[in-house]
Every structure is written in C-alpha cells, then in structure tokens.
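final.txt (compact mmCIF, C-alpha atoms) appears below.
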# COMPACT_ATOMS: atom_id res chain seq x y z
CA MET A 1 149.47 -165.89 62.51
CA ILE A 2 152.77 -164.81 61.02
CA TRP A 3 156.06 -163.22 61.92
CA ILE A 4 157.14 -160.53 59.49
CA THR A 5 160.83 -159.69 59.73
CA SER A 6 161.18 -157.82 56.44
CA ALA A 7 159.02 -156.75 53.55
CA HIS A 8 159.98 -157.11 49.90
CA SER A 9 157.28 -156.95 47.23
CA SER A 10 157.37 -159.44 44.37
CA HIS A 11 153.98 -158.28 43.08
CA SER A 12 153.43 -156.16 40.00
CA PRO A 13 151.36 -152.93 40.24
CA ALA A 14 148.46 -154.76 38.59
CA GLU A 15 148.61 -157.51 41.21
CA ASP A 16 148.82 -154.94 44.01
CA ALA A 17 145.63 -153.29 42.72
CA GLN A 18 143.77 -156.59 43.05
CA VAL A 19 144.81 -157.33 46.66
CA ARG A 20 141.80 -157.96 48.90
CA VAL A 21 141.82 -155.46 51.76
CA PRO A 22 140.31 -155.80 55.22
CA ALA A 23 137.38 -153.75 56.47
CA HIS A 24 139.01 -153.30 59.90
CA ILE A 25 142.65 -153.39 60.94
CA ALA A 26 143.83 -152.98 64.55
CA PHE A 27 147.33 -152.07 65.70
CA ILE A 28 149.20 -152.72 68.93
CA PRO A 29 151.97 -150.16 68.33
CA ASP A 30 154.57 -151.63 70.66
CA GLY A 31 158.24 -150.78 71.12
CA ASN A 32 158.40 -146.97 71.38
CA ARG A 33 160.47 -147.00 74.58
CA ARG A 34 162.91 -149.64 73.35
CA TRP A 35 163.28 -147.73 70.06
CA ALA A 36 164.26 -144.60 72.00
CA LYS A 37 166.64 -146.40 74.37
CA GLN A 38 168.33 -148.13 71.43
CA ARG A 39 169.16 -144.66 70.10
CA GLY A 40 170.14 -143.13 73.43
CA LEU A 41 167.05 -140.91 73.48
CA ASP A 42 164.59 -140.04 76.20
CA VAL A 43 161.67 -142.49 76.18
CA LEU A 44 159.24 -139.66 75.41
CA LYS A 45 161.03 -139.14 72.10
CA GLY A 46 160.07 -142.70 71.26
CA HIS A 47 156.46 -142.07 72.17
CA GLU A 48 156.46 -138.90 70.09
CA ALA A 49 157.82 -140.76 67.05
CA GLY A 50 155.24 -143.49 67.58
CA ILE A 51 152.32 -141.06 67.79
CA GLU A 52 153.48 -139.25 64.65
CA LEU A 53 153.61 -142.56 62.76
CA ILE A 54 149.93 -143.06 63.52
CA GLY A 55 149.16 -140.22 61.12
CA GLU A 56 151.14 -141.91 58.35
CA VAL A 57 149.48 -145.28 58.96
CA LEU A 58 146.07 -143.64 58.79
CA LYS A 59 147.00 -142.24 55.38
CA TRP A 60 148.07 -145.69 54.17
CA CYS A 61 144.80 -147.19 55.39
CA LYS A 62 142.76 -144.48 53.70
CA GLU A 63 144.63 -145.07 50.43
CA LYS A 64 143.54 -148.71 50.63
CA GLU A 65 139.99 -147.71 51.58
CA ILE A 66 140.13 -149.61 54.87
CA HIS A 67 136.99 -148.44 56.65
CA THR A 68 137.96 -148.91 60.30
CA VAL A 69 141.35 -148.53 62.00
CA THR A 70 141.97 -149.13 65.71
CA PHE A 71 145.05 -148.14 67.73
CA TRP A 72 145.79 -149.24 71.28
CA GLY A 73 147.52 -146.11 72.54
CA PHE A 74 147.76 -146.63 76.30
CA SER A 75 146.86 -149.61 78.50
CA THR A 76 145.63 -149.71 82.08
CA GLU A 77 148.89 -151.54 82.90
CA ASN A 78 150.93 -148.67 81.42
CA ARG A 79 149.81 -146.51 84.35
CA SER A 80 152.35 -148.36 86.51
CA ARG A 81 155.21 -146.66 84.63
CA THR A 82 156.94 -143.65 86.13
CA GLU A 83 154.81 -140.60 86.82
CA GLU A 84 157.08 -138.53 84.58
CA GLU A 85 156.60 -140.87 81.60
CA VAL A 86 152.82 -141.16 82.03
CA ARG A 87 152.43 -137.39 82.43
CA GLY A 88 154.62 -136.76 79.39
CA LEU A 89 152.70 -139.27 77.29
CA MET A 90 149.39 -137.63 78.23
CA ARG A 91 150.79 -134.27 77.13
CA LEU A 92 151.82 -135.79 73.81
CA PHE A 93 148.30 -137.11 73.26
CA GLU A 94 146.92 -133.65 74.06
CA THR A 95 149.25 -131.81 71.68
CA LYS A 96 149.74 -134.29 68.84
CA LEU A 97 146.45 -136.08 68.24
CA ALA A 98 144.60 -133.12 66.73
CA ASP A 99 147.38 -132.42 64.23
CA ILE A 100 147.73 -136.10 63.34
CA LEU A 101 144.02 -136.53 62.68
CA HIS A 102 143.94 -133.34 60.62
CA LYS A 103 146.88 -134.32 58.41
CA ALA A 104 145.81 -137.93 58.05
CA GLN A 105 142.37 -136.93 56.77
CA GLU A 106 143.56 -134.33 54.30
CA GLU A 107 143.12 -135.09 50.61
CA LYS A 108 143.72 -133.01 47.51
CA ASN A 109 141.02 -132.61 44.91
CA ALA A 110 141.51 -131.99 41.19
CA GLY A 111 142.21 -128.31 41.86
CA ASN A 112 144.84 -129.18 44.50
CA GLU A 113 142.54 -127.87 47.21
CA SER A 114 142.35 -129.61 50.56
CA LYS A 115 139.25 -131.56 51.47
CA TYR A 116 138.52 -133.87 54.36
CA PRO A 117 136.58 -137.13 54.23
CA LYS A 118 133.99 -137.71 56.92
CA VAL A 119 135.85 -139.65 59.61
CA ARG A 120 134.26 -140.70 62.87
CA VAL A 121 136.69 -140.80 65.79
CA ARG A 122 135.97 -142.75 68.98
CA PHE A 123 137.90 -143.27 72.21
CA TYR A 124 137.51 -146.25 74.56
CA GLY A 125 138.80 -147.13 78.01
CA ARG A 126 138.71 -145.53 81.44
CA ILE A 127 138.58 -142.08 79.89
CA GLU A 128 137.41 -140.49 83.15
CA GLU A 129 140.85 -141.20 84.67
CA LEU A 130 142.72 -139.24 81.98
CA PRO A 131 143.79 -135.58 82.45
CA GLU A 132 140.85 -133.18 82.17
CA ARG A 133 142.27 -131.32 79.16
CA LEU A 134 142.61 -134.59 77.26
CA GLN A 135 139.07 -135.57 78.27
CA GLU A 136 137.79 -132.24 76.93
CA TYR A 137 139.54 -132.85 73.61
CA ILE A 138 138.12 -136.37 73.40
CA ARG A 139 134.58 -135.13 74.05
CA LYS A 140 135.01 -132.40 71.44
CA VAL A 141 136.32 -134.74 68.72
CA GLU A 142 133.68 -137.40 69.36
CA LYS A 143 130.88 -134.83 69.27
CA GLU A 144 132.12 -133.14 66.08
CA SER A 145 132.61 -136.42 64.23
CA ALA A 146 129.53 -138.27 65.54
CA LYS A 147 127.61 -138.14 62.25
CA ASN A 148 130.55 -139.05 60.00
CA ASP A 149 130.54 -142.46 58.36
CA GLU A 150 133.06 -142.63 55.50
CA TYR A 151 135.85 -143.92 57.75
CA ARG A 152 136.25 -144.71 61.42
CA VAL A 153 139.26 -144.41 63.74
CA ASN A 154 139.21 -145.92 67.24
CA PHE A 155 141.72 -145.08 69.98
CA LEU A 156 142.00 -147.29 73.05
CA LEU A 157 143.33 -145.11 75.88
CA ASN A 158 143.69 -146.32 79.47
CA TYR A 159 142.25 -149.55 78.14
CA GLY A 160 142.71 -153.17 79.23
CA GLY A 161 140.80 -156.15 77.90
CA LYS A 162 140.71 -157.90 81.28
CA VAL A 163 139.41 -154.76 83.00
CA GLU A 164 136.82 -154.30 80.27
CA LEU A 165 135.53 -157.85 80.75
CA PHE A 166 135.37 -157.51 84.55
CA GLU A 167 133.43 -154.26 84.25
CA CYS A 168 131.09 -155.84 81.70
CA ILE A 169 130.41 -158.90 83.86
CA LYS A 170 129.62 -156.71 86.87
CA LYS A 171 127.23 -154.58 84.80
CA VAL A 172 125.45 -157.60 83.30
CA ALA A 173 125.04 -159.20 86.75
CA GLU A 174 123.74 -155.93 88.22
CA ASP A 175 121.24 -155.39 85.39
CA TYR A 176 120.03 -158.99 85.64
CA ARG A 177 119.63 -158.73 89.41
CA ASN A 178 117.69 -155.46 89.05
CA GLY A 179 115.39 -156.90 86.38
CA LYS A 180 116.68 -154.67 83.55
CA ILE A 181 117.37 -157.76 81.44
CA ASN A 182 115.58 -161.11 81.43
CA GLU A 183 118.44 -163.28 80.21
CA ILE A 184 122.21 -163.12 79.85
CA SER A 185 122.91 -163.40 76.13
CA GLU A 186 125.73 -162.51 73.77
CA LYS A 187 123.78 -159.43 72.75
CA GLU A 188 123.46 -158.20 76.33
CA ILE A 189 127.17 -158.77 76.97
CA LEU A 190 128.31 -156.95 73.83
CA GLU A 191 126.07 -153.99 74.62
CA ARG A 192 127.80 -153.58 77.98
CA LEU A 193 131.38 -153.74 76.75
CA TRP A 194 133.22 -150.42 76.49
CA THR A 195 134.02 -151.46 72.91
CA GLY A 196 130.70 -153.10 72.13
CA ASP A 197 130.18 -151.07 68.96
CA ILE A 198 133.62 -151.89 67.52
CA THR A 199 133.42 -154.46 64.74
CA PRO A 200 135.73 -157.51 64.92
CA PRO A 201 139.15 -156.70 63.39
CA ASP A 202 139.99 -158.64 60.25
CA ILE A 203 143.69 -158.06 61.00
CA ILE A 204 145.59 -157.38 64.23
CA VAL A 205 149.18 -156.18 63.88
CA ARG A 206 151.58 -156.08 66.82
CA THR A 207 155.05 -154.63 66.42
CA SER A 208 158.29 -155.08 68.45
CA GLY A 209 158.46 -158.87 68.12
CA GLU A 210 156.16 -159.58 71.07
CA TYR A 211 154.05 -162.66 70.45
CA ARG A 212 150.79 -161.91 72.28
CA LEU A 213 147.69 -159.70 72.12
CA SER A 214 147.80 -158.67 75.80
CA GLY A 215 144.00 -158.62 76.02
CA LEU A 216 143.16 -156.49 72.97
CA LEU A 217 139.42 -156.68 72.23
CA PRO A 218 139.11 -160.15 73.78
CA LEU A 219 135.66 -160.93 72.38
CA GLN A 220 136.01 -159.27 68.98
CA SER A 221 139.48 -160.69 68.21
CA THR A 222 138.45 -164.36 68.24
CA TYR A 223 138.80 -164.88 64.48
CA SER A 224 141.18 -162.03 63.63
CA GLU A 225 144.20 -162.79 61.48
CA LEU A 226 147.32 -162.12 63.57
CA PHE A 227 150.56 -160.54 62.36
CA PHE A 228 153.62 -160.04 64.57
CA VAL A 229 156.17 -157.68 63.08
CA ASN A 230 159.75 -157.88 64.31
CA LYS A 231 160.29 -154.12 64.33
CA TYR A 232 159.69 -151.42 66.89
CA TRP A 233 156.63 -149.33 66.09
CA PRO A 234 158.47 -146.15 64.95
CA ASP A 235 160.29 -148.30 62.35
CA PHE A 236 157.11 -149.85 60.95
CA SER A 237 157.12 -148.92 57.26
CA LYS A 238 154.69 -148.74 54.38
CA GLU A 239 156.47 -151.82 52.96
CA ASP A 240 155.66 -153.71 56.17
CA PHE A 241 152.05 -152.54 55.93
CA GLU A 242 151.84 -153.73 52.32
CA ALA A 243 153.37 -157.08 53.28
CA VAL A 244 150.69 -157.61 55.93
CA LEU A 245 147.90 -156.84 53.46
CA LYS A 246 149.34 -159.18 50.81
CA GLU A 247 149.69 -162.03 53.26
CA TYR A 248 146.16 -161.40 54.53
CA ALA A 249 144.81 -161.50 50.97
CA SER A 250 146.39 -164.92 50.43
CA ARG A 251 144.67 -166.52 53.42
CA GLU A 252 141.40 -168.39 53.45
CA ARG A 253 139.51 -167.28 56.53
CA ARG A 254 137.51 -170.10 58.14
CA PHE A 255 136.07 -168.39 61.26
CA GLY A 256 136.45 -171.58 63.27
CA ARG A 257 134.60 -173.76 60.74
Translate this structure into structure tokens?
Amino acid sequence: MIWITSAHSSHSPAEDAQVRVPAHIAFIPDGNRRWAKQRGLDVLKGHEAGIELIGEVLKWCKEKEIHTVTFWGFSTENRSRTEEEVRGLMRLFETKLADILHKAQEEKNAGNESKYPKVRVRFYGRIEELPERLQEYIRKVEKESAKNDEYRVNFLLNYGGKVELFECIKKVAEDYRNGKINEISEKEILERLWTGDITPPDIIVRTSGEYRLSGLLPLQSTYSELFFVNKYWPDFSKEDFEAVLKEYASRERRFGR
C-alpha cells in the first residue's frame, strides 16, 4: 500500500506508453463533505463536485483501456447522515448519473462524429431501499447495457461489505438447510454475494487521507494493491491517477505466495 501526497511525472511519453495497466480499478471517493466545508459551501456542493469528477475519471480509465471501474457511491452507514443530506444526494444521483455516463462514454471518430463504446453498467447494494425514481433509472440502465462488453462500470449504492457478508451467510445457510446446495464452498458463497460477479480489483484507491477500506468488496479485495491519496475526492487529478498507475506498474504482485 502507498500514500500519495502529490504527483509529479518523471517518465517520458515513451515510458508512459509502456506502463502496465490494471484490468479493474476500484475507487472509494471519500472527502466530498470535508472539501465543501473547507470552502464554506453546502455539503451537497461537495457531493455534486464529487459525482461530476466520476465522469472525468471514467474518461481517464477508458483512455488507458481499463476494462472495469468500480465506484463506491453511498454506503449503508451513510444513511445515518441527516435526512436533508441523504435526500439531496439521492436527487444528485438521479439527475447527474445519466449525463455523466453519457459524456464519459463519448468518443470522436475520424470524422469528428460522436460514437459510444459498449459499456455495461451495474449497480450493487440494497437498491430496493433507494428512492423509486432512482430505482427505475437503475433498472433502465442495467437493462439497456446488459449485452455490452467492451467496458464495465460498477456503482455500489447503499452498499456495505459487512451487510453483504451477513446477507450472504444467511442465504447460504438457508439454501443448505433446504437442500438447494450439498456443500458450502467458495463457489456457493461467491454466487450469493451481491457483488459475486465483480472481478477482484487490481487496484483500490481511497482519497481524503483515510487509511482503511471500510469493508469494500471484502472477499474480492484480498490481493488488491492499495493506494491512499491525501486529497479530498473533488481534488483528485489526472496527475494523481497517473501516479497510481505508474506505482502499480512497478510492483511485483505475489497474491499471497
């Protein structure tokens, strides 16, 4: 794991082109509220800036041909915040996500015409507890993108790793008791996770200087390379992103061996 406090490239363009990139990068975009308070702004302005940055980060990942990108947008613990903040954040998800996904996917062809790569978008968590309008949007996006396979974007909304594990354990025990499965194996457990079809992240990035994963993908994150960036999420820059990728490329991954 590494702390990144600043990002200055000492690599040439040729070296940058040879940097090994991950197949899957996950972000814990932390610090939106503190970013807003530091500037004397309403906390929802921080969340708005943070959501808008997601679109930029998706563009950076697409430029590097990173196949899968995961964002933890809202945790089950976040529901304990004020009703006004939670309601406002849900409205931001409803109004901003469609535009962000549209802009992030846009590419220009040789004739300067817009085209859109085939991106599959998935949402995970206690989705049934989210506002109905947001649920409708989630169902629509997942259905429309279900057959896409060029890139994949995962959003964790109303998600908590501890809650996910508890729900999984209960489901496994119930299915075993009812004779639906004959043994309790890794395969059976993964199939009953909310996020069971998410591949293990090669990289996990958490901003704001917090030094923990807070339960993100507890089974899939076992061998992920961890990066803790000492900036609030709205200040996370392309230079920081590049610094993470360069450090990742320099590591020898051992996967516990």
Applying 12 Å and all atoms listed in the file, which residues near segment 144-147 of chain A remain after dropping the ones on its own chain fewer than 5 positions away? List them as a compact mmCIF listing (two decimals) with C-alpha atoms, in the frame of the given file.
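Writing done, so here's out39.txt:
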# COMPACT_ATOMS: atom_id res chain seq x y z
CA LEU A 101 144.02 -136.53 62.68
CA TYR A 116 138.52 -133.87 54.36
CA PRO A 117 136.58 -137.13 54.23
CA LYS A 118 133.99 -137.71 56.92
CA VAL A 119 135.85 -139.65 59.61
CA ARG A 120 134.26 -140.70 62.87
CA VAL A 121 136.69 -140.80 65.79
CA ARG A 122 135.97 -142.75 68.98
CA PHE A 123 137.90 -143.27 72.21
CA TYR A 137 139.54 -132.85 73.61
CA ILE A 138 138.12 -136.37 73.40
CA ARG A 139 134.58 -135.13 74.05
CA ARG A 152 136.25 -144.71 61.42
CA VAL A 153 139.26 -144.41 63.74
CA ASN A 154 139.21 -145.92 67.24
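Atom pair atom CA of Leu58 of chain A / atom CA of Ala98 of chain A has a distance of 13.3 Å (rounded to one decimal).
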Neighbour list for segment 191-202 of chain A as a PDB file with C-alpha atoms, in the coordinates of the input, cut-off 7 Å, all atoms listed in the file, skip fewer than 3 positions in-chain:
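Here's the written file out13.pdb:
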ATOM      1  CA  PRO A  22     140.310-155.800  55.220  1.00  0.00           C
ATOM      2  CA  ALA A  23     137.380-153.750  56.470  1.00  0.00           C
ATOM      3  CA  HIS A  24     139.010-153.300  59.900  1.00  0.00           C
ATOM      4  CA  ILE A  25     142.650-153.390  60.940  1.00  0.00           C
ATOM      5  CA  ALA A  26     143.830-152.980  64.550  1.00  0.00           C
ATOM      6  CA  TYR A 124     137.510-146.250  74.560  1.00  0.00           C
ATOM      7  CA  GLY A 125     138.800-147.130  78.010  1.00  0.00           C
ATOM      8  CA  GLU A 164     136.820-154.300  80.270  1.00  0.00           C
ATOM      9  CA  CYS A 168     131.090-155.840  81.700  1.00  0.00           C
ATOM     10  CA  LYS A 171     127.230-154.580  84.800  1.00  0.00           C
ATOM     11  CA  LYS A 187     123.780-159.430  72.750  1.00  0.00           C
ATOM     12  CA  GLU A 188     123.460-158.200  76.330  1.00  0.00           C
ATOM     13  CA  GLN A 220     136.010-159.270  68.980  1.00  0.00           C
ATOM     14  CA  SER A 221     139.480-160.690  68.210  1.00  0.00           C
ATOM     15  CA  SER A 224     141.180-162.030  63.630  1.00  0.00           C
ATOM     16  CA  GLU A 225     144.200-162.790  61.480  1.00  0.00           C
TER      17      GLU A 225
END
* Structure fact -> Here atom CA of Ile66 of chain A and atom CA of Phe228 of chain A stand apart by 19.6 Å
Return as AutoDock Vina command-line options the centre and edge lengths, in Å with one decimal, of the box along x, y and z that encloses every atom of segment 128-140 of chain A in the file, padded by 6 Å per side.
--center_x 139.2 --center_y -136.3 --center_z 78.1 --size_x 21.2 --size_y 21.9 --size_z 25.2
* To do: Please measure the separation of atom CA of Leu44 of chain A and atom CA of Pro131 of chain A, giving the value in Å to one decimal.
  => 17.5 Å
* To do: Determine the nearest neighbour of Thr68 of chain A from the options A:Ile169, A:Tyr151, A:Leu226, A:Ser208, counting all atoms listed in the file.
  =>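 Closest to Thr68 of chain A of all the choices is A:Tyr151.
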Enumerate, in order of chain and increasing residue number, the residues of segment 21-62 of chain A with an atom no farther than 12 Å from segment 209-218 of chain A, each with its shortest atom pair and distance in Å to one decimal, counting all atoms listed in the file, as a tab-separated table.
residue	atom	partner	partner_atom	distance
A:Ala26	CA	A:Leu216	CA	9.1
A:Phe27	CA	A:Leu216	CA	9.5
A:Ile28	CA	A:Leu213	CA	7.8
A:Pro29	CA	A:Glu210	CA	10.7
A:Asp30	CA	A:Glu210	CA	8.1
A:Gly31	CA	A:Gly209	CA	8.6
A:Arg34	CA	A:Gly209	CA	11.5
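Proximity to Val69 of chain A was assessed for A:Arg20, A:Ile100, A:Asn182, A:Ile204 counting all atoms listed in the file; the smallest distance is recorded for A:Ile204.
Comparing A:Phe255, A:Phe166, A:Ile203, A:Arg39 by their smallest distance to Tyr223 of chain A, the closest is A:Phe255 (using all atoms listed in the file).
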* Long-range neighbours of segment 85-90 of chain A as a ChimeraX atom specification, 9 Å cut-off, all atoms listed in the file, 2 positions minimum in chain -> /A:43-44,47-48,74,78-83,92-95,130-131,134
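Comparing the minimum interatomic distances between Phe71 of chain A and each of A:Arg33, A:Arg257, A:Arg206, A:Lys231, counting all atoms listed in the file, we find that A:Arg206 sits nearest.
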* Pick from A:Leu219, A:Ile189, A:Phe227, A:Glu129, whichever lies nearest to Leu245 of chain A using only C-alpha atoms ->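 Nearest to Leu245 of chain A: A:Phe227.
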